[in-house]
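Working notes for the structure below.
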4 protein chains.
Amino acid sequence: MTIKHNVAILGASGYTGAETIRLVHGHPNLELKALSGHSRAGQKLSDTYPNFGDMMIQKWEDIDFSEIDVVFACLPHGASQETIAQIKDKVGTIVDLSADFRLSDPVLYEQTYGRPHAFIDLLGTAVYGLTEYAKADLQGADLIACPGCYPTCSLLSLLPGIEAGLFQMDNIIIDAKSGVTGAGRKAKEGLIYSEVADGAHAYGVGTHRHAPEIDQMLTRISGQKSLVSFTPHLIPMNRGMITTAYARLAKGVSFDQVTKTYQARYKDEPFVRLMDSVPQTRHVRGSNLFGLGIFQDRVPGQVILVGVIDNLVKGSAGQAIQNYNVAQGWGETLGLEALPVFP
Amino acid sequence: MTIKHNVAILGASGYTGAETIRLVHGHPNLELKALSGHSRAGQKLSDTYPNFGDMMIQKWEDIDFSEIDVVFACLPHGASQETIAQIKDKVGTIVDLSADFRLSDPVLYEQTYGRPHAFIDLLGTAVYGLTEYAKADLQGADLIACPGCYPTCSLLSLLPGIEAGLFQMDNIIIDAKSGVTGAGRKAKEGLIYSEVADGAHAYGVGTHRHAPEIDQMLTRISGQKSLVSFTPHLIPMNRGMITTAYARLAKGVSFDQVTKTYQARYKDEPFVRLMDSVPQTRHVRGSNLFGLGIFQDRVPGQVILVGVIDNLVKGSAGQAIQNYNVAQGWGETLGLEALPVFP
Amino acid sequence: MTIKHNVAILGASGYTGAETIRLVHGHPNLELKALSGHSRAGQKLSDTYPNFGDMMIQKWEDIDFSEIDVVFACLPHGASQETIAQIKDKVGTIVDLSADFRLSDPVLYEQTYGRPHAFIDLLGTAVYGLTEYAKADLQGADLIACPGCYPTCSLLSLLPGIEAGLFQMDNIIIDAKSGVTGAGRKAKEGLIYSEVADGAHAYGVGTHRHAPEIDQMLTRISGQKSLVSFTPHLIPMNRGMITTAYARLAKGVSFDQVTKTYQARYKDEPFVRLMDSVPQTRHVRGSNLFGLGIFQDRVPGQVILVGVIDNLVKGSAGQAIQNYNVAQGWGETLGLEALPVFP
Amino acid sequence: MTIKHNVAILGASGYTGAETIRLVHGHPNLELKALSGHSRAGQKLSDTYPNFGDMMIQKWEDIDFSEIDVVFACLPHGASQETIAQIKDKVGTIVDLSADFRLSDPVLYEQTYGRPHAFIDLLGTAVYGLTEYAKADLQGADLIACPGCYPTCSLLSLLPGIEAGLFQMDNIIIDAKSGVTGAGRKAKEGLIYSEVADGAHAYGVGTHRHAPEIDQMLTRISGQKSLVSFTPHLIPMNRGMITTAYARLAKGVSFDQVTKTYQARYKDEPFVRLMDSVPQTRHVRGSNLFGLGIFQDRVPGQVILVGVIDNLVKGSAGQAIQNYNVAQGWGETLGLEALPVFP
């Protein structure tokens, strides 16, 4: 028996939307039925992405959701909650790739995003889809909030140690580097080629919105209040993210315990690769893999965790599909088995 | 009934070998059984490509070819003919990605590559696998020579017009631009990052080995002796190739005839995209597509043909698999349906 | 006695303006007195370019031109002629880096730029500042039109041969490749990093505005009507331009005559480098050099001319200053002697 | 009276050597007299760098040092000490850009570089030329050891706070990112374009040789034993370095004290720019500037120091010349006043 779930992708003209289209196209159980994109409604998808075929882009209001099984919402923050609230009852499952349902605390949401959440009741029902830490909750979930790219890479680096109480909670530093697609497909001066190529810079130092999201999950898993240091940097590559996390071992913990704990925690995770060599972003490009290297620092009692993902796949569209696979009880890797594209 | 053909890939540690591994991995009818690579024999593939799994690299002499259905030979020029001559009788089909069997004339081979071909009898049996122009010959072929990346992109741009007698044969200029993987995975000073990034240059001006290969096919199809002008350039991107070809219309031919001829010739070719806008290499990245834009020049009677491919896919490993699909009578697109990776 | 000419730069917030500031700063006889930029008036220059100091950006209407010796106008096309018409009588010399005064024929201007020129009388007085071909005219010039970057590189490649009657006029093809700063500092989707990096494409095929400018000068020098084929490409680098020009030798002309003619024509030009090896854009980066390689094609009677410049220096701000040096009778290389920045 | 000191550059064929040539060329008091480079001896410099003129490269043994005032030694580590020991008495000043004289403790040198230092007596006489912290010692120095690029950027970020006792010494983390020229001009597989472009990775995690050099200076200035955490990353750009340093404030210290201390310490330093916005490597490209942003972390009591340099200028050749300027009592900025090259 062939399973085919009908898919609508909202916000198809950005990079996240495009990546979702690419992955849905290669997924044996998913069939793309509708695409939305307000500013490009009425155009063919190929007008925006000449490589991506002839399906028409509609307004989301014109989509017949009665024939849709799952919506992947790739809308801007804010717009996403408005749209999801209106279609929530018409569709079996909504997978949201925006930030709108990541923070479960409405107060924290408002502090972080500068305005109140408009659908607090929905907020309470969303499953935070860091897949490796959400498999039970995802079963049959109808609203899934996909983590941000930085939180995905940071949390998968830190959580096994945090979960096992191996690290001190009050001294965690995350230094992150992202490719440029992470900033979206916006015509802003700061994103044009010659402002980015052959250079690098930090941004949002001490203030980035992904820090509270990381804290939320570290707090949840550890049972202790987390407050991490988090500094993102923009570097000249299209895709890819590297987080270098610095953690102090808790009293009495050895480095050997750390590596054993990670090996045990991740040994059955199909998308996690513990690497002996230093992981490189180019080794996961185009794939849903998370690569992790664990290193003993020259500072005694300190460990360095270097994690890499493709920000558009495991950091966004790939994890969204992984979540839907788990929610449906399908094979977790369905549609995500392709090898990385190298170089 | 499931078809599974066993594959050996020779020369697995270069970029062409890696790309063949990636595509074989995603092919429903192919199963990777053996990898060779002399300088890395005894290593795991993951030592070379951490993203590519744990299969061991062997010497090709240690492979048991009795269990292999098809060999993809990604060896350096020269080494390829030596190896193929020795395994030719043991394997059903050999698909050669090197230059060794591309030129069917041994005299031309020697002029071009600077030494005599050692297996002239084999040379006579090889099918030149520019798939769109070789489908009949490929049926059941046992030795397939995959075209060079520049000839693939140039010939697919020019052949429909040449075939129909639309262009003058004595005034064809091809200006080509390639990404850096086209130069192979060699530790040469001229290829290191800072010698390539943020710059561009021509090379092999008037002398590149792909020019005679282009002429061979233009001559074959037109019945007239071809001598093209061909100038390659190296530009700072990993994958991708663009050929800009300039051709004069034959007497009495209109531009409209040109576009109609191309549309007719290519309308059933699954990997050819005639584009209204200017094709971009990034729109075919990671895919087996050939994109073509046909433009009327400001010079009356002159046409400009802009072709793009991913040099590692349609220009190498993808076309190799496309050829094997056709040779086996399988669906031509089998294992090659993935959408391009953008950005 | 120290000479100091006071400089105003109009349009200081774009890349051309920034490069002019950089070069004026290093020029012993020039002193920067005023900067304009309408949308950024009232800001410090360092708000736009943190590397460029604290001078204020004004509206050009607020500049006291009575204290200015020379204006470098880096304004958008159209705006430039309007402004120049108003300040023309107040300033000794205006060097225009826009396209507004490059085409001397008002009819051709209107055809090319889509609207009539508003100051046709001024148009007649402007000197077309391709320095190596304008030295006499530049003496004491008060309005200098700096050539476009593509025309600069193309014309310096072709003119010595054209001037000496070595090339056929009816078969010239120029295939050009430019870095991204050539497109200016505009927040357009097509210019953002991920739309440009790791890819390449042609644009303006058969229609680019620099083609008539090239023809104007080829016609002027040859005395024959020129109609070149010209195709520009965008490639992922910040600065740099390469033009690959294909020309047929006139009857009876030998390749040796070509190289000798170029050597003779350029032997005293301080910024022209005839190279034995293939010139690379990275070898002229940041400098006012024009590098040229002359190659015999495999097609008998055809020559390939590969020229490289830094589009922001010899293709724009550097040539502007070179022109002013010549106009003033100063040393032609003054302020332009710095070695290229490599890598 | 014109001062002209004659310069020899040893190791002219690497990137550091090339950059020293570029800067010496633009220096009013320096004149390049001799170039060495063993593997390229007998070639013209322009064979290696077509942009850099026609001077011959010699063996250093063939240089007549009696006419040389200052040697800039850009040799590989190890080779540098051997050569310097032999020419030390023949030349007034030697500025060493290698690592050979950076660590003053021979035991630490041996631990770090894996072999004993061969000239321990010389080691004792070398001045560690982090210019902003060495001005008195540099007066008349005859052997100057230029700091590594990572130590330069890290130390200039941290020292004012360390010097004033503002930071805790036992919790300093430096996360560094470097462009590819920092790895030198070596034909290694890991440095070729497609292994570096469009990706990023950490390296030398917990083991990099620049960490002891950083500790040496932090210890010297603070009087307390330093042991920093230091993790370098390779990112795809030619030039540029960014160090993101995390420090805990000492008890009772406010953030305001930090910024005031830095402003006071650096107010007269011509190459230090304290920036309100986040510094970008592209804003110092080609210049000797050090840009610093000081940020309050979201973690109370923690400060984030983001420093940027051009690794080939302030991180190498530029600082070498700055040091020689100070040693000679010349203006510190002589030959180093050029504005950054942007973009």
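In the structure tokens, each chain is lettered A, B, ... as it comes, each chain's residues begin at 1, and ligands are numbered from 1 in order of appearance.
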
Within 8 Å of region 300-311 of chain C using only C-alpha atoms, minus same-chain residues under 4 positions, as a PDB file with C-alpha atoms, in the first residue's frame:
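Resulting contents of selection22.pdb:
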```pdb
ATOM      1  CA  ALA B 202      41.579  32.156 -18.369  1.00  0.00           C
ATOM      2  CA  VAL B 205      44.011  29.552 -24.122  1.00  0.00           C
TER       3      VAL B 205
ATOM      4  CA  CYS C 149      34.486  49.456 -16.571  1.00  0.00           C
ATOM      5  CA  CYS C 153      38.973  46.758 -20.252  1.00  0.00           C
ATOM      6  CA  SER C 154      37.622  45.920 -23.719  1.00  0.00           C
ATOM      7  CA  LEU C 156      42.473  48.775 -23.981  1.00  0.00           C
ATOM      8  CA  SER C 157      42.489  45.169 -25.224  1.00  0.00           C
ATOM      9  CA  LEU C 158      41.367  45.974 -28.733  1.00  0.00           C
ATOM     10  CA  SER C 178      32.793  41.087 -13.700  1.00  0.00           C
ATOM     11  CA  GLY C 179      32.961  41.031  -9.930  1.00  0.00           C
ATOM     12  CA  THR C 181      30.867  45.630  -7.014  1.00  0.00           C
ATOM     13  CA  GLY C 182      30.322  46.480 -10.674  1.00  0.00           C
ATOM     14  CA  ARG C 239      36.432  43.330  -7.447  1.00  0.00           C
ATOM     15  CA  GLY C 240      37.900  42.431 -10.749  1.00  0.00           C
ATOM     16  CA  MET C 241      37.003  42.190 -14.380  1.00  0.00           C
ATOM     17  CA  ILE C 242      38.197  40.020 -17.201  1.00  0.00           C
ATOM     18  CA  THR C 243      37.362  40.581 -20.852  1.00  0.00           C
ATOM     19  CA  THR C 244      38.143  37.857 -23.363  1.00  0.00           C
ATOM     20  CA  ALA C 245      38.059  39.390 -26.828  1.00  0.00           C
ATOM     21  CA  TYR C 246      38.134  37.395 -30.061  1.00  0.00           C
ATOM     22  CA  ALA C 247      39.336  39.113 -33.227  1.00  0.00           C
ATOM     23  CA  ARG C 248      40.104  37.970 -36.758  1.00  0.00           C
ATOM     24  CA  LEU C 249      43.322  39.210 -38.291  1.00  0.00           C
ATOM     25  CA  SER C 254      50.698  37.944 -38.816  1.00  0.00           C
ATOM     26  CA  PHE C 255      50.439  37.184 -35.114  1.00  0.00           C
ATOM     27  CA  VAL C 278      47.551  34.461 -18.553  1.00  0.00           C
ATOM     28  CA  PRO C 279      46.584  37.555 -16.574  1.00  0.00           C
ATOM     29  CA  GLN C 280      44.504  37.052 -13.441  1.00  0.00           C
ATOM     30  CA  THR C 281      42.184  39.598 -11.887  1.00  0.00           C
ATOM     31  CA  VAL C 284      45.718  43.745 -10.333  1.00  0.00           C
ATOM     32  CA  ARG C 285      43.404  43.920  -7.302  1.00  0.00           C
ATOM     33  CA  GLY C 286      43.373  47.324  -5.676  1.00  0.00           C
ATOM     34  CA  SER C 287      45.676  48.800  -8.326  1.00  0.00           C
ATOM     35  CA  ASN C 288      45.212  50.911 -11.443  1.00  0.00           C
ATOM     36  CA  LEU C 289      46.899  48.293 -13.648  1.00  0.00           C
ATOM     37  CA  PHE C 290      45.532  46.883 -16.873  1.00  0.00           C
ATOM     38  CA  GLY C 291      46.990  43.426 -17.572  1.00  0.00           C
ATOM     39  CA  LEU C 292      46.835  41.977 -21.066  1.00  0.00           C
ATOM     40  CA  GLY C 293      47.673  38.586 -22.518  1.00  0.00           C
ATOM     41  CA  ILE C 294      47.697  38.144 -26.300  1.00  0.00           C
ATOM     42  CA  PHE C 295      47.211  34.610 -27.599  1.00  0.00           C
ATOM     43  CA  GLN C 296      47.150  32.919 -30.951  1.00  0.00           C
ATOM     44  CA  GLY C 315      37.552  50.716 -14.298  1.00  0.00           C
ATOM     45  CA  SER C 316      36.395  53.695 -12.249  1.00  0.00           C
TER      46      SER C 316
END
```

Q | Shell of 10 Å around Gln257 (chain C), only C-alpha atoms, local chain residues under 3 positions omitted, as a PyMOL selection string | A | chain C and resi 161+164+166+253-254+260-263

Q: Would you kindly return, as an MDAnalysis selection string, each protein, DNA or RNA residue with an atom no farther than 7 Å from any atom of Gly206 (chain B), considering only C-alpha atoms and excluding same-chain residues fewer than 4 positions away?
A: (chainID B and resid 230:231) or (chainID C and resid 296:298)

Keeping only N, CA, C and O atoms, write the selected residues as a short mmCIF file (atom, residue, chain, number, x, y, z; two decimals), in the first residue's frame.
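Below you can see result.cif, which holds the result:
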```cif
data_model
loop_
_atom_site.label_atom_id
_atom_site.label_comp_id
_atom_site.auth_asym_id
_atom_site.auth_seq_id
_atom_site.Cartn_x
_atom_site.Cartn_y
_atom_site.Cartn_z
N PHE B 230 37.99 27.82 -28.49
CA PHE B 230 37.52 27.39 -27.17
C PHE B 230 38.45 27.94 -26.09
O PHE B 230 39.64 27.65 -26.08
N THR B 231 37.91 28.74 -25.20
CA THR B 231 38.72 29.33 -24.12
C THR B 231 38.07 29.10 -22.77
O THR B 231 37.00 29.66 -22.48
N GLN C 296 47.51 33.42 -29.65
CA GLN C 296 47.15 32.92 -30.95
C GLN C 296 46.11 31.83 -30.73
O GLN C 296 46.33 30.91 -29.95
N ASP C 297 44.99 31.92 -31.40
CA ASP C 297 43.96 30.91 -31.25
C ASP C 297 44.34 29.65 -32.03
O ASP C 297 45.20 29.71 -32.91
N ARG C 298 43.71 28.53 -31.70
CA ARG C 298 43.86 27.34 -32.55
C ARG C 298 43.18 27.52 -33.90
O ARG C 298 43.49 26.80 -34.85
#
```

Q: Tell me, as a ChimeraX atom specification, which residues lie within 7 Å of Gly335 (chain D), counting only C-alpha atoms; anything in the same chain fewer than 4 positions away does not count.
A: /D:23,26-28

Restricting it to all heavy atoms, dump the selection as a CSV table (one decimal), in the first residue's frame.
```csv
chain,number,residue,atom,x,y,z
D,23,LEU,N,54.2,46.5,1.4
D,23,LEU,CA,54.2,47.6,2.3
D,23,LEU,C,55.6,48.3,2.3
D,23,LEU,O,55.6,49.6,2.4
D,23,LEU,CB,53.9,47.1,3.8
D,23,LEU,CG,52.5,46.5,3.9
D,23,LEU,CD1,52.4,45.9,5.3
D,23,LEU,CD2,51.4,47.6,3.7
D,26,GLY,N,55.5,50.9,-0.4
D,26,GLY,CA,54.8,52.1,-0.2
D,26,GLY,C,55.4,52.9,1.0
D,26,GLY,O,54.8,53.9,1.4
D,27,HIS,N,56.5,52.5,1.5
D,27,HIS,CA,57.1,53.2,2.7
D,27,HIS,C,58.1,54.2,2.2
D,27,HIS,O,59.1,53.9,1.5
D,27,HIS,CB,57.7,52.1,3.6
D,27,HIS,CG,58.1,52.6,5.0
D,27,HIS,ND1,59.0,53.6,5.2
D,27,HIS,CD2,57.6,52.3,6.2
D,27,HIS,CE1,59.1,53.9,6.5
D,27,HIS,NE2,58.2,53.1,7.1
D,28,PRO,N,58.0,55.5,2.7
D,28,PRO,CA,58.9,56.5,2.2
D,28,PRO,C,60.3,56.4,2.6
D,28,PRO,O,61.2,56.8,1.9
D,28,PRO,CB,58.3,57.8,2.7
D,28,PRO,CG,57.5,57.4,3.9
D,28,PRO,CD,57.0,56.0,3.6
```

Q: Report the distance between CA of Ser194 (chain D) and CA of Ser194 (chain B) in Å, rounded to one decimal place.
A: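 Spanning CA of Ser194 (chain D) to CA of Ser194 (chain B) is a straight-line distance of 11.3 Å.
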
Restrict the calculation to only C-alpha atoms, then for each residue of chain B with any atom at most 6 Å from an atom of chain A give the closest atom pair and their distance in Å to one decimal, rows by chain and rising residue number, as CSV.
```
residue,atom,partner,partner_atom,distance
B:Arg22,CA,A:Leu339,CA,5.8
B:Asn51,CA,A:His283,CA,5.1
B:His283,CA,A:Asn51,CA,5.1
B:Leu339,CA,A:Arg22,CA,5.8
```

Residue subset to file, keeping N, CA, C and O atoms, as a PDB file, in the first residue's frame:
```pdb
ATOM      1  N   ARG B  22      27.914   9.343  -4.198  1.00  0.00           N
ATOM      2  CA  ARG B  22      26.685  10.009  -3.757  1.00  0.00           C
ATOM      3  C   ARG B  22      25.498   9.605  -4.627  1.00  0.00           C
ATOM      4  O   ARG B  22      24.410   9.293  -4.110  1.00  0.00           O
ATOM      5  N   ASN B  51      31.813  12.442   5.565  1.00  0.00           N
ATOM      6  CA  ASN B  51      30.374  12.391   5.364  1.00  0.00           C
ATOM      7  C   ASN B  51      29.920  11.144   4.631  1.00  0.00           C
ATOM      8  O   ASN B  51      28.739  10.964   4.397  1.00  0.00           O
ATOM      9  N   HIS B 283      21.256  27.325 -10.461  1.00  0.00           N
ATOM     10  CA  HIS B 283      19.938  26.733 -10.647  1.00  0.00           C
ATOM     11  C   HIS B 283      19.993  25.268 -11.071  1.00  0.00           C
ATOM     12  O   HIS B 283      18.956  24.620 -11.189  1.00  0.00           O
ATOM     13  N   LEU B 339      15.796  17.370  -6.980  1.00  0.00           N
ATOM     14  CA  LEU B 339      15.831  18.779  -7.373  1.00  0.00           C
ATOM     15  C   LEU B 339      17.217  19.361  -7.099  1.00  0.00           C
ATOM     16  O   LEU B 339      17.934  18.883  -6.234  1.00  0.00           O
TER      17      LEU B 339
END
```

Q) Out of region 158-299 of chain B, which residues get alpha helix (DSSP H) from DSSP, as a PyMOL selection string? A) chain B and resi 158-163+193-196+210-222+255-266

Q: From the DSSP assignment of the backbone, select every residue of region 37-271 of chain A that is strand (DSSP E or B), and format the answer as a PyMOL selection string.
A: chain A and resi 44+56-58+70-73+93-96+127-128+143-145+167+173-178+192+201-202+229-234+241-249

**Q.** Spatial neighbours of Ala141 (chain B), 10 Å, only C-alpha atoms, chain gap at least 2 places, as a VMD selection string
**A.** chain B and resid 92 to 95 125 to 127 129 136 to 139 143 to 144 323 to 324 326 to 328

Q: Rank nothing, just name the residue among D:Ile63, D:Leu32, D:Ala145, D:Ala41 nearest to His77 (chain D), using only C-alpha atoms.
A: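 Result for the nearest residue to His77 (chain D): D:Ala145.
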
Q: Record the distance separating CA of Lys90 (chain D) and CA of Gly124 (chain D), expressed in Å with one decimal.
A: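 Going from CA of Lys90 (chain D) over to CA of Gly124 (chain D), I get 18.8 Å.
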
**Q.** Shell around Pro76 (chain D) at 8 Å using only C-alpha atoms, local window under 4 positions removed, as a list in words
**A.**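 Here the answer would be Gly11, Ser80 and Ser98 of chain D.
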
Just the selected residues (C-alpha atoms), exported as a tab-separated table (two decimals), in the first residue's frame, please.
```tsv
chain	number	residue	atom	x	y	z
D	11	GLY	CA	61.23	34.19	2.31
D	80	SER	CA	64.21	31.33	10.60
D	98	SER	CA	58.21	33.66	12.21
```
